[in-house]
Amino acid sequence: MNERIFQTTHRDAGSKARTGVLSLGHGDVVTPAFMPVGTNGTVKGIYHEKVARMGYNLILGNTFHLYLRPGLEVLSRYSGLHRFSHWNGNILTDSGGFQIFSLPGLRRITQEGAHFQSPIDGSRHFFSPEKVVDIQHVIGSDIAMVLDWCTPPDIEHGEAVKAWKMTYDWAKRSLARRNELGEEFKGCLFGIVQGNFYKDLRKESAQALSEMDFPGLAIGGLSVGEKPEVFKEFLEYTAAQLPDEKPRYVMGIGSPDYLMEAMENGIDLFDCVLATRMARNGTVFTDDGPLVLKRSFNEFDMGPISEGCQCTACRDYSRGYLRHLFKCGEMLGGMLATEHNLAYLHDLVEKARQAIREDRFIEFKAGYLARYMSNKYKSGK
RNA sequence: GGAGAGGUUCCCGAGUGGUCAAAGGGGGCAGACUGUAAAUCUGUUAGCUCAGCUUUCGAAGGUCCGAAUCCUUCUCUCUCCA
């Protein structure tokens with residue numbers, strides 16, 4: 001059942017970075033790979049067709065959201081999310097653990113699972129690890145994630161122990177449920193490492209999950225409000241505990257600098273809402289740092305966001321026009337910016353893969369970040 | 001020509017003697033955003049040598065300890081009637 005889904009194709013000579021191929025139900029994914037987030041079965045502000053044409057073959061959906069809307073009956077009648085949403089590539093679904101974590105006051109976690117209230121209508125629901133596997137089975141996820149308990153920074157050691165032990169127990173139950181479904185369950189199920197910001201717990205969690213029958217492992221509970229140095233320290237530490245032969249996925253990171261850190265540490269997958277959310281809010285990635293399109297200095301700028309970028313925004317429109325769209329609240333602005341940010345990250349990761357293949361990832365990263373982090377467009381303040 | 005209403009800080013618009021540099025919108029400017037309760041949220045928006053001081057509510061005078069608020073004149077706008 002647990003066939004090998006990942007092959008490393010090259011290892012960078014100067015770091016732990018690696019390239020590989022992930023073979024999933026809807027085609028291969030070259031790694032490292034960034035995964036755009038499409039929580040509700042749509043990557044906000046862009047056609048699936050464009051996402052696919054850009055080169056993305058693995059996007060996210062969210063168990064929590066899709067269970068609440070449109071609900072399992074609809075998804076089941078459509079034979080899953082691929083057909084429902086007309087996406088022919090791969091889909092990874094997050095379990096909803098992060099959403100439940102994000103609903104303080106609306107949730108209660110017990111050994112059995114998570115009780116929560118819908119943020120849509122206040123109705124009460126319950127997710128057990130088994131049920132979450134079942135829902136993702138209905139969705140038809142190519143990669144399903146176990147239900148986990150994500151914790152914020154600055155919690156007590158004792159509480160962090162409780163959370164990761166719970167996540168571990170839930171992981172075992174998730175696997176058991178997957179095994180019950182047998183061949184019917186077409187996707188692969190990934191485990192999630194927790195352990196908060198305690199190295200002993202990260203290590204225990206990573207080792208415990210590594211010994212289990214998961215075809216891939218994720219690092220959860222990072223980028224939840226901790227400082228960048230802390231993120232980096234725990235990313236590096238935790239990644240090193242994971243088995244080399246399985247794909248490693250860091251959940252929820254998407255700024256260029258975080259992606260670089262992840263790739264350097266041998267991470268193969270990452271996803272984030274940042275690119276698409278920032279885009280809708282008017283900020284685009286450039287090699288010189290993030291650019292807020294609404295800012296006044298763009299008014300007469302007839303150049304593209306990024307020279308050489310192949311996206312529609314850069315190909316057909318100027319910074320001045322994009323500024324105008326955002327100032328008018330025109331939805332095209334958000335759509336174009338979304339396309340740009342996704343194209344930008346795709347290009348960036350492709351450049352990184354190329355650097356890895358040529359054993360020069362460290363120089364590539366240093367050169368890129370020196371320019372990106374100088375943040376040319378940051379205001380004086 | 002007659003009757004009435006009114007001119008408030010970039011705009012709209014509250015405010016009818018001190019607690020008003022003046023509510024609230026809008027616009028402007030800036031900041032944030034990292035497994036999406038987000039096409040969202042936050043800050044700021046007279047000037048200065050920002051504690052404090054100076055100028056500001058159509059204009060000019062006046063009353064008062066004190067005026068965006070009261071009085072006089074002027075000016076402009078709008079509505080209705082001729």
# chains A, B, ... in the order shown; residues from 1 in each chain; ligands from 1
$ interface_residues --of "chain A" --to "chain B" --cutoff "7 Å" --atoms "only C-alpha atoms (C1' of nucleotides)" --output "ChimeraX atom specification"
/A:39,94,98,119,223,251-255,271-274,278,280-281,331,334
$ select_by_dssp --residues "stretch 70-145 of chain A" --states "helix (DSSP H, G or I)" --output "PyMOL selection string"
chain A and resi 72-77+81-85+97-101+129-139
$ closest_residue --among "A:Glu358, A:Tyr377, A:Gly105, A:Gly216" --to "A:Gln7" --atoms "only C-alpha atoms"
A:Gly216
$ atom_distance --atom1 "atom C1' of B:U56" --atom2 "atom C1' of B:U72"
22.7 Å
$ residues_around --residues "B:C78" --least-positions-apart "5" --cutoff "12 Å" --atoms "only C-alpha atoms (C1' of nucleotides)" --output "list in words"
G4, A5, G6 and G7 of chain B
$ write_last_selection --atoms "all heavy atoms" --output "compact mmCIF listing (two decimals), in the first residue's frame"
# COMPACT_ATOMS: atom_id res chain seq x y z
P G B 4 -38.09 85.20 4.66
OP1 G B 4 -38.59 85.29 6.04
OP2 G B 4 -37.11 86.19 4.17
O5' G B 4 -37.48 83.74 4.40
C5' G B 4 -38.17 82.59 4.90
C4' G B 4 -37.63 81.34 4.24
O4' G B 4 -37.51 81.55 2.82
C3' G B 4 -36.22 80.91 4.63
O3' G B 4 -36.20 80.26 5.89
C2' G B 4 -35.91 79.93 3.51
O2' G B 4 -36.58 78.69 3.67
C1' G B 4 -36.50 80.68 2.31
N9 G B 4 -35.47 81.45 1.61
C8 G B 4 -35.28 82.81 1.60
N7 G B 4 -34.27 83.18 0.87
C5 G B 4 -33.75 82.00 0.36
C6 G B 4 -32.66 81.75 -0.49
O6 G B 4 -31.87 82.57 -1.00
N1 G B 4 -32.49 80.39 -0.75
C2 G B 4 -33.27 79.40 -0.25
N2 G B 4 -32.97 78.15 -0.61
N3 G B 4 -34.31 79.61 0.53
C4 G B 4 -34.49 80.92 0.81
P A B 5 -34.88 80.30 6.75
OP1 A B 5 -35.20 79.71 8.07
OP2 A B 5 -34.28 81.64 6.66
O5' A B 5 -33.96 79.28 5.95
C5' A B 5 -34.26 77.88 5.93
C4' A B 5 -33.29 77.15 5.04
O4' A B 5 -33.33 77.71 3.71
C3' A B 5 -31.82 77.29 5.43
O3' A B 5 -31.45 76.40 6.47
C2' A B 5 -31.12 76.93 4.12
O2' A B 5 -31.12 75.55 3.87
C1' A B 5 -32.05 77.62 3.11
N9 A B 5 -31.57 78.96 2.76
C8 A B 5 -32.01 80.17 3.23
N7 A B 5 -31.38 81.19 2.71
C5 A B 5 -30.46 80.63 1.86
C6 A B 5 -29.48 81.18 1.01
N6 A B 5 -29.27 82.49 0.88
N1 A B 5 -28.72 80.34 0.29
C2 A B 5 -28.93 79.02 0.41
N3 A B 5 -29.83 78.38 1.17
C4 A B 5 -30.56 79.25 1.88
P G B 6 -30.42 76.89 7.58
OP1 G B 6 -30.30 75.80 8.54
OP2 G B 6 -30.71 78.26 8.02
O5' G B 6 -29.07 76.98 6.70
C5' G B 6 -28.49 75.79 6.20
C4' G B 6 -27.57 76.10 5.04
O4' G B 6 -28.12 77.14 4.20
C3' G B 6 -26.19 76.67 5.36
O3' G B 6 -25.34 75.66 5.88
C2' G B 6 -25.74 77.10 3.96
O2' G B 6 -25.34 76.01 3.16
C1' G B 6 -27.06 77.66 3.39
N9 G B 6 -27.08 79.11 3.37
C8 G B 6 -27.89 79.96 4.11
N7 G B 6 -27.66 81.23 3.84
C5 G B 6 -26.67 81.21 2.86
C6 G B 6 -26.01 82.26 2.18
O6 G B 6 -26.20 83.48 2.29
N1 G B 6 -25.07 81.79 1.28
C2 G B 6 -24.78 80.47 1.07
N2 G B 6 -23.85 80.21 0.17
N3 G B 6 -25.39 79.47 1.68
C4 G B 6 -26.30 79.91 2.56
P G B 7 -23.85 76.00 6.29
OP1 G B 7 -23.46 75.10 7.36
OP2 G B 7 -23.70 77.48 6.48
O5' G B 7 -23.10 75.59 4.95
C5' G B 7 -21.69 75.55 4.86
C4' G B 7 -21.25 76.36 3.66
O4' G B 7 -22.12 77.49 3.52
C3' G B 7 -19.84 76.92 3.80
O3' G B 7 -18.94 76.17 3.01
C2' G B 7 -19.91 78.33 3.26
O2' G B 7 -19.18 78.47 2.02
C1' G B 7 -21.38 78.51 2.90
N9 G B 7 -21.94 79.82 3.22
C8 G B 7 -23.02 80.10 4.02
N7 G B 7 -23.33 81.39 4.05
C5 G B 7 -22.40 81.97 3.21
C6 G B 7 -22.22 83.33 2.84
O6 G B 7 -22.89 84.31 3.18
N1 G B 7 -21.16 83.49 1.98
C2 G B 7 -20.35 82.47 1.53
N2 G B 7 -19.37 82.82 0.70
N3 G B 7 -20.50 81.20 1.84
C4 G B 7 -21.54 81.02 2.69
$ select_by_dssp --residues "stretch 37-280 of chain A" --states "strand (DSSP E or B)" --output "PyMOL selection string"
chain A and resi 37+58-62+90-94+107-109+114-117+124-127+143-145+188-193+216-219+248-250+269-272
$ residues_around --residues "A:Glu299" --least-positions-apart "2" --cutoff "10 Å" --atoms "only C-alpha atoms (C1' of nucleotides)" --output "PyMOL selection string"
chain A and resi 293-297+301-302+318-324
$ residues_around --residues "B:C64" --least-positions-apart "3" --cutoff "12 Å" --atoms "only C-alpha atoms (C1' of nucleotides)" --output "short mmCIF file (atom, residue, chain, number, x, y, z; two decimals) with N, CA and C atoms (P, O5', C5', C4', C3', O3' and C1' of nucleotides), in the first residue's frame"
data_model
loop_
_atom_site.label_atom_id
_atom_site.label_comp_id
_atom_site.auth_asym_id
_atom_site.auth_seq_id
_atom_site.Cartn_x
_atom_site.Cartn_y
_atom_site.Cartn_z
P G B 17 -25.08 76.55 22.46
"O5'" G B 17 -23.68 77.19 22.88
"C5'" G B 17 -22.90 77.82 21.86
"C4'" G B 17 -21.58 78.22 22.41
"C3'" G B 17 -21.13 77.60 23.71
"O3'" G B 17 -20.18 76.58 23.36
"C1'" G B 17 -20.58 79.92 23.55
P G B 18 -19.81 75.43 24.41
"O5'" G B 18 -18.36 75.46 23.88
"C5'" G B 18 -17.20 75.03 23.84
"C4'" G B 18 -16.14 75.76 24.63
"C3'" G B 18 -15.14 74.82 25.33
"O3'" G B 18 -13.97 74.84 24.54
"C1'" G B 18 -15.69 76.74 26.64
P A B 67 -13.06 84.08 21.31
"O5'" A B 67 -14.25 83.01 21.21
"C5'" A B 67 -13.99 81.62 21.09
"C4'" A B 67 -14.89 81.06 20.00
"C3'" A B 67 -14.50 81.54 18.61
"O3'" A B 67 -14.64 80.47 17.70
"C1'" A B 67 -16.68 82.30 19.16
P C B 70 -24.90 81.09 15.85
"O5'" C B 70 -24.86 82.27 16.92
"C5'" C B 70 -25.84 82.38 17.94
"C4'" C B 70 -25.79 83.76 18.55
"C3'" C B 70 -25.73 84.89 17.53
"O3'" C B 70 -27.03 85.24 17.08
"C1'" C B 70 -24.06 85.22 19.17
P C B 71 -27.29 85.90 15.67
"O5'" C B 71 -26.74 87.37 15.90
"C5'" C B 71 -27.45 88.29 16.72
"C4'" C B 71 -26.78 89.64 16.66
"C3'" C B 71 -26.55 90.17 15.26
"O3'" C B 71 -27.72 90.82 14.77
"C1'" C B 71 -24.55 90.39 16.49
#
$ residues_around --residues "A:Phe190" --least-positions-apart "5" --cutoff "8 Å" --atoms "only C-alpha atoms (C1' of nucleotides)" --output "ChimeraX atom specification"
/A:143-146,214-218
$ atom_distance --atom1 "atom CA of A:Thr63" --atom2 "atom CA of A:Phe127"
10.2 Å
$ closest_residue --among "A:Leu348, A:Leu106, A:Val230, A:Ala240" --to "A:Phe285" --atoms "only C-alpha atoms"
A:Leu348
$ residues_around --residues "A:Met35" --least-positions-apart "4" --cutoff "7 Å" --atoms "only C-alpha atoms (C1' of nucleotides)" --output "ChimeraX atom specification"
/A:58-60,270-271
$ write_last_selection --atoms "all heavy atoms" --output "tab-separated table (two decimals), in the first residue's frame"
chain	number	residue	atom	x	y	z
A	58	LEU	N	0.27	20.77	-8.65
A	58	LEU	CA	-0.17	20.34	-7.32
A	58	LEU	C	-0.65	21.57	-6.56
A	58	LEU	O	0.13	22.50	-6.32
A	58	LEU	CB	1.00	19.67	-6.58
A	58	LEU	CG	0.81	19.24	-5.13
A	58	LEU	CD1	-0.41	18.36	-4.95
A	58	LEU	CD2	2.06	18.52	-4.63
A	59	ILE	N	-1.94	21.58	-6.25
A	59	ILE	CA	-2.48	22.71	-5.50
A	59	ILE	C	-3.19	22.18	-4.25
A	59	ILE	O	-3.47	20.99	-4.15
A	59	ILE	CB	-3.46	23.57	-6.33
A	59	ILE	CG1	-4.71	22.77	-6.71
A	59	ILE	CG2	-2.77	24.12	-7.57
A	59	ILE	CD1	-5.79	23.61	-7.39
A	60	LEU	N	-3.48	23.08	-3.34
A	60	LEU	CA	-4.15	22.68	-2.12
A	60	LEU	C	-5.65	22.90	-2.17
A	60	LEU	O	-6.13	23.79	-2.87
A	60	LEU	CB	-3.62	23.51	-0.93
A	60	LEU	CG	-2.58	22.82	-0.07
A	60	LEU	CD1	-1.27	22.79	-0.84
A	60	LEU	CD2	-2.42	23.52	1.26
A	270	PHE	N	6.13	22.98	-0.24
A	270	PHE	CA	5.65	24.03	0.66
A	270	PHE	C	4.45	24.69	0.00
A	270	PHE	O	4.31	24.68	-1.22
A	270	PHE	CB	6.71	25.09	0.97
A	270	PHE	CG	7.84	25.14	-0.01
A	270	PHE	CD1	7.65	25.70	-1.25
A	270	PHE	CD2	9.09	24.59	0.30
A	270	PHE	CE1	8.69	25.73	-2.16
A	270	PHE	CE2	10.13	24.62	-0.62
A	270	PHE	CZ	9.93	25.19	-1.85
A	271	ASP	N	3.61	25.24	0.84
A	271	ASP	CA	2.40	25.88	0.33
A	271	ASP	C	2.20	27.14	1.13
A	271	ASP	O	2.72	27.26	2.24
A	271	ASP	CB	1.18	24.98	0.56
A	271	ASP	CG	0.78	25.00	2.02
A	271	ASP	OD1	1.46	24.35	2.82
A	271	ASP	OD2	-0.19	25.72	2.37
$ atom_distance --atom1 "atom C1' of B:G13" --atom2 "atom C1' of B:C80"
24.5 Å
$ closest_residue --among "A:Ile139, A:Val292, A:Val37, A:Ala313" --to "A:Pro70" --atoms "only C-alpha atoms"
A:Ile139
$ decode --residues "stretch 25-36 of chain B" --atoms "all heavy atoms" --output "tab-separated table (two decimals), in the first residue's frame"
chain	number	residue	atom	x	y	z
B	25	G	P	-15.83	56.26	10.27
B	25	G	OP1	-15.48	54.96	10.80
B	25	G	OP2	-14.77	57.27	10.03
B	25	G	O5'	-16.64	56.05	8.94
B	25	G	C5'	-16.24	56.67	7.82
B	25	G	C4'	-17.33	56.75	6.79
B	25	G	O4'	-18.02	58.03	6.96
B	25	G	C3'	-16.68	56.80	5.43
B	25	G	O3'	-16.66	55.52	4.86
B	25	G	C2'	-17.52	57.83	4.67
B	25	G	O2'	-18.66	57.27	4.12
B	25	G	C1'	-17.85	58.81	5.80
B	25	G	N9	-16.78	59.77	6.06
B	25	G	C8	-15.96	59.85	7.17
B	25	G	N7	-15.08	60.80	7.10
B	25	G	C5	-15.32	61.38	5.87
B	25	G	C6	-14.67	62.47	5.23
B	25	G	O6	-13.74	63.16	5.65
B	25	G	N1	-15.22	62.74	3.99
B	25	G	C2	-16.26	62.05	3.42
B	25	G	N2	-16.64	62.46	2.21
B	25	G	N3	-16.87	61.04	4.00
B	25	G	C4	-16.36	60.76	5.21
B	26	G	P	-15.25	54.98	4.41
B	26	G	OP1	-15.44	53.57	4.01
B	26	G	OP2	-14.24	55.33	5.42
B	26	G	O5'	-14.97	55.85	3.10
B	26	G	C5'	-15.96	55.92	2.09
B	26	G	C4'	-15.68	57.07	1.16
B	26	G	O4'	-15.82	58.33	1.89
B	26	G	C3'	-14.27	57.15	0.61
B	26	G	O3'	-14.09	56.26	-0.47
B	26	G	C2'	-14.20	58.61	0.17
B	26	G	O2'	-14.90	58.82	-1.03
B	26	G	C1'	-14.94	59.29	1.32
B	26	G	N9	-14.01	59.76	2.35
B	26	G	C8	-13.79	59.22	3.59
B	26	G	N7	-12.88	59.87	4.27
B	26	G	C5	-12.47	60.88	3.42
B	26	G	C6	-11.50	61.91	3.59
B	26	G	O6	-10.78	62.13	4.57
B	26	G	N1	-11.41	62.73	2.47
B	26	G	C2	-12.15	62.59	1.33
B	26	G	N2	-11.92	63.47	0.36
B	26	G	N3	-13.06	61.64	1.15
B	26	G	C4	-13.16	60.83	2.23
B	27	G	P	-12.68	55.54	-0.66
B	27	G	OP1	-12.82	54.59	-1.78
B	27	G	OP2	-12.23	55.07	0.66
B	27	G	O5'	-11.74	56.74	-1.12
B	27	G	C5'	-11.99	57.41	-2.34
B	27	G	C4'	-11.14	58.66	-2.41
B	27	G	O4'	-11.54	59.56	-1.34
B	27	G	C3'	-9.65	58.44	-2.17
B	27	G	O3'	-8.98	58.01	-3.33
B	27	G	C2'	-9.22	59.84	-1.77
B	27	G	O2'	-9.14	60.70	-2.88
B	27	G	C1'	-10.38	60.26	-0.87
B	27	G	N9	-10.13	59.87	0.52
B	27	G	C8	-10.68	58.81	1.21
B	27	G	N7	-10.23	58.72	2.43
B	27	G	C5	-9.34	59.77	2.55
B	27	G	C6	-8.54	60.18	3.65
B	27	G	O6	-8.46	59.66	4.77
B	27	G	N1	-7.77	61.30	3.34
B	27	G	C2	-7.77	61.94	2.14
B	27	G	N2	-6.95	62.99	2.03
B	27	G	N3	-8.51	61.58	1.10
B	27	G	C4	-9.26	60.50	1.38
B	28	G	P	-7.63	57.18	-3.15
B	28	G	OP1	-7.15	56.89	-4.52
B	28	G	OP2	-7.85	56.09	-2.19
B	28	G	O5'	-6.65	58.24	-2.48
B	28	G	C5'	-6.19	59.36	-3.23
B	28	G	C4'	-5.24	60.17	-2.38
B	28	G	O4'	-5.93	60.61	-1.18
B	28	G	C3'	-4.05	59.39	-1.85
B	28	G	O3'	-3.02	59.32	-2.81
B	28	G	C2'	-3.64	60.27	-0.66
B	28	G	O2'	-2.97	61.43	-1.08
B	28	G	C1'	-5.01	60.64	-0.10
B	28	G	N9	-5.46	59.71	0.94
B	28	G	C8	-6.45	58.76	0.83
B	28	G	N7	-6.63	58.09	1.94
B	28	G	C5	-5.70	58.64	2.83
B	28	G	C6	-5.42	58.32	4.19
B	28	G	O6	-5.96	57.47	4.90
B	28	G	N1	-4.40	59.11	4.68
B	28	G	C2	-3.73	60.07	3.99
B	28	G	N2	-2.76	60.72	4.64
B	28	G	N3	-3.98	60.38	2.73
B	28	G	C4	-4.97	59.63	2.21
B	29	C	P	-2.12	58.03	-2.86
B	29	C	OP1	-1.22	58.20	-4.02
B	29	C	OP2	-2.98	56.83	-2.76
B	29	C	O5'	-1.27	58.14	-1.52
B	29	C	C5'	-0.34	59.20	-1.34
B	29	C	C4'	0.21	59.16	0.06
B	29	C	O4'	-0.87	59.36	1.01
B	29	C	C3'	0.79	57.81	0.47
B	29	C	O3'	2.11	57.62	-0.02
B	29	C	C2'	0.76	57.95	1.99
B	29	C	O2'	1.78	58.80	2.46
B	29	C	C1'	-0.59	58.63	2.20
B	29	C	N1	-1.68	57.65	2.42
B	29	C	C2	-1.83	57.13	3.71
B	29	C	O2	-1.04	57.50	4.60
B	29	C	N3	-2.81	56.24	3.95
B	29	C	C4	-3.62	55.86	2.97
B	29	C	N4	-4.57	54.98	3.26
B	29	C	C5	-3.49	56.37	1.65
B	29	C	C6	-2.51	57.25	1.41
B	30	A	P	2.57	56.13	-0.35
B	30	A	OP1	3.92	56.29	-0.91
B	30	A	OP2	1.53	55.43	-1.13
B	30	A	O5'	2.62	55.44	1.08
B	30	A	C5'	3.77	55.53	1.87
B	30	A	C4'	3.48	55.07	3.28
B	30	A	O4'	2.17	55.51	3.69
B	30	A	C3'	3.43	53.58	3.52
B	30	A	O3'	4.71	53.00	3.58
B	30	A	C2'	2.75	53.55	4.88
B	30	A	O2'	3.63	53.99	5.90
B	30	A	C1'	1.68	54.63	4.69
B	30	A	N9	0.41	54.03	4.24
B	30	A	C8	-0.16	54.08	2.99
B	30	A	N7	-1.30	53.44	2.91
B	30	A	C5	-1.49	52.92	4.19
B	30	A	C6	-2.51	52.14	4.77
B	30	A	N6	-3.58	51.73	4.11
B	30	A	N1	-2.38	51.80	6.07
B	30	A	C2	-1.30	52.21	6.74
B	30	A	N3	-0.27	52.96	6.31
B	30	A	C4	-0.43	53.28	5.02
B	31	G	P	4.90	51.46	3.25
B	31	G	OP1	6.35	51.23	3.15
B	31	G	OP2	4.00	51.09	2.13
B	31	G	O5'	4.34	50.74	4.56
B	31	G	C5'	5.00	50.91	5.81
B	31	G	C4'	4.19	50.22	6.88
B	31	G	O4'	2.86	50.79	6.93
B	31	G	C3'	3.93	48.74	6.66
B	31	G	O3'	5.04	47.97	7.07
B	31	G	C2'	2.73	48.51	7.57
B	31	G	O2'	3.10	48.47	8.93
B	31	G	C1'	1.93	49.79	7.32
B	31	G	N9	0.93	49.60	6.25
B	31	G	C8	0.97	50.05	4.96
B	31	G	N7	-0.09	49.73	4.27
B	31	G	C5	-0.87	49.00	5.17
B	31	G	C6	-2.15	48.39	5.00
B	31	G	O6	-2.86	48.37	4.00
B	31	G	N1	-2.58	47.75	6.17
B	31	G	C2	-1.86	47.71	7.33
B	31	G	N2	-2.42	47.04	8.34
B	31	G	N3	-0.67	48.29	7.51
B	31	G	C4	-0.25	48.91	6.40
B	32	A	P	5.30	46.56	6.39
B	32	A	OP1	6.58	46.08	6.91
B	32	A	OP2	5.08	46.67	4.93
B	32	A	O5'	4.12	45.64	6.98
B	32	A	C5'	4.12	45.28	8.35
B	32	A	C4'	2.81	44.63	8.70
B	32	A	O4'	1.73	45.46	8.25
B	32	A	C3'	2.54	43.30	8.03
B	32	A	O3'	3.20	42.26	8.74
B	32	A	C2'	1.04	43.19	8.17
B	32	A	O2'	0.65	42.81	9.48
B	32	A	C1'	0.61	44.63	7.95
B	32	A	N9	0.15	44.90	6.59
B	32	A	C8	0.81	45.55	5.58
B	32	A	N7	0.10	45.66	4.47
B	32	A	C5	-1.10	45.04	4.80
B	32	A	C6	-2.29	44.82	4.06
B	32	A	N6	-2.45	45.23	2.81
B	32	A	N1	-3.29	44.15	4.68
B	32	A	C2	-3.11	43.75	5.93
B	32	A	N3	-2.06	43.90	6.73
B	32	A	C4	-1.07	44.57	6.09
B	33	C	P	3.70	40.99	7.89
B	33	C	OP1	4.50	40.19	8.82
B	33	C	OP2	4.30	41.49	6.64
B	33	C	O5'	2.39	40.16	7.48
B	33	C	C5'	1.44	39.74	8.48
B	33	C	C4'	0.18	39.34	7.74
B	33	C	O4'	-0.24	40.44	6.91
B	33	C	C3'	0.38	38.13	6.85
B	33	C	O3'	-0.63	37.15	7.05
B	33	C	C2'	0.33	38.69	5.44
B	33	C	O2'	-0.31	37.81	4.58
B	33	C	C1'	-0.49	39.96	5.60
B	33	C	N1	-0.14	40.96	4.60
B	33	C	C2	-1.08	41.23	3.59
B	33	C	O2	-2.18	40.63	3.61
B	33	C	N3	-0.78	42.11	2.62
B	33	C	C4	0.39	42.74	2.63
B	33	C	N4	0.64	43.60	1.66
B	33	C	C5	1.37	42.49	3.64
B	33	C	C6	1.07	41.61	4.60
B	34	U	P	-0.31	35.93	8.03
B	34	U	OP1	-1.65	35.39	8.33
B	34	U	OP2	0.60	36.34	9.12
B	34	U	O5'	0.49	34.89	7.14
B	34	U	C5'	-0.12	34.33	5.95
B	34	U	C4'	0.78	33.22	5.47
B	34	U	O4'	2.03	33.80	5.08
B	34	U	C3'	1.07	32.19	6.57
B	34	U	O3'	0.75	30.86	6.17
B	34	U	C2'	2.56	32.31	6.84
B	34	U	O2'	3.17	31.03	6.85
B	34	U	C1'	3.09	33.06	5.62
B	34	U	N1	4.22	33.96	5.90
B	34	U	C2	5.43	33.58	5.35
B	34	U	O2	5.55	32.56	4.69
B	34	U	N3	6.47	34.43	5.59
B	34	U	C4	6.42	35.61	6.32
B	34	U	O4	7.43	36.27	6.44
B	34	U	C5	5.13	35.93	6.86
B	34	U	C6	4.10	35.11	6.64
B	35	G	P	-0.72	30.56	5.50
B	35	G	OP1	-0.70	31.36	4.29
B	35	G	OP2	-1.63	30.86	6.61
B	35	G	O5'	-1.01	29.07	5.07
B	35	G	C5'	-0.60	27.99	5.97
B	35	G	C4'	-1.10	26.78	5.26
B	35	G	O4'	-0.33	25.66	5.65
B	35	G	C3'	-2.56	26.47	5.60
B	35	G	O3'	-3.39	26.96	4.52
B	35	G	C2'	-2.56	24.95	5.72
B	35	G	O2'	-2.77	24.37	4.44
B	35	G	C1'	-1.15	24.64	6.19
B	35	G	N9	-0.95	24.62	7.64
B	35	G	C8	-0.59	25.68	8.46
B	35	G	N7	-0.48	25.34	9.71
B	35	G	C5	-0.78	23.99	9.73
B	35	G	C6	-0.82	23.09	10.82
B	35	G	O6	-0.59	23.31	11.99
B	35	G	N1	-1.17	21.80	10.40
B	35	G	C2	-1.44	21.44	9.10
B	35	G	N2	-1.75	20.18	8.91
B	35	G	N3	-1.40	22.28	8.08
B	35	G	C4	-1.07	23.53	8.46
B	36	U	P	-5.10	26.70	4.62
B	36	U	OP1	-5.27	25.61	5.54
B	36	U	OP2	-5.70	26.60	3.29
B	36	U	O5'	-5.66	28.03	5.34
B	36	U	C5'	-5.13	29.31	5.02
B	36	U	C4'	-6.18	30.33	5.33
B	36	U	O4'	-5.98	31.46	4.48
B	36	U	C3'	-7.59	29.76	5.03
B	36	U	O3'	-8.43	29.51	6.17
B	36	U	C2'	-8.10	30.60	3.82
B	36	U	O2'	-9.36	31.22	4.10
B	36	U	C1'	-7.06	31.69	3.63
B	36	U	N1	-6.59	31.80	2.23
B	36	U	C2	-6.54	33.07	1.71
B	36	U	O2	-6.86	34.06	2.36
B	36	U	N3	-6.09	33.15	0.43
B	36	U	C4	-5.71	32.11	-0.39
B	36	U	O4	-5.32	32.34	-1.52
B	36	U	C5	-5.80	30.82	0.22
B	36	U	C6	-6.24	30.71	1.49
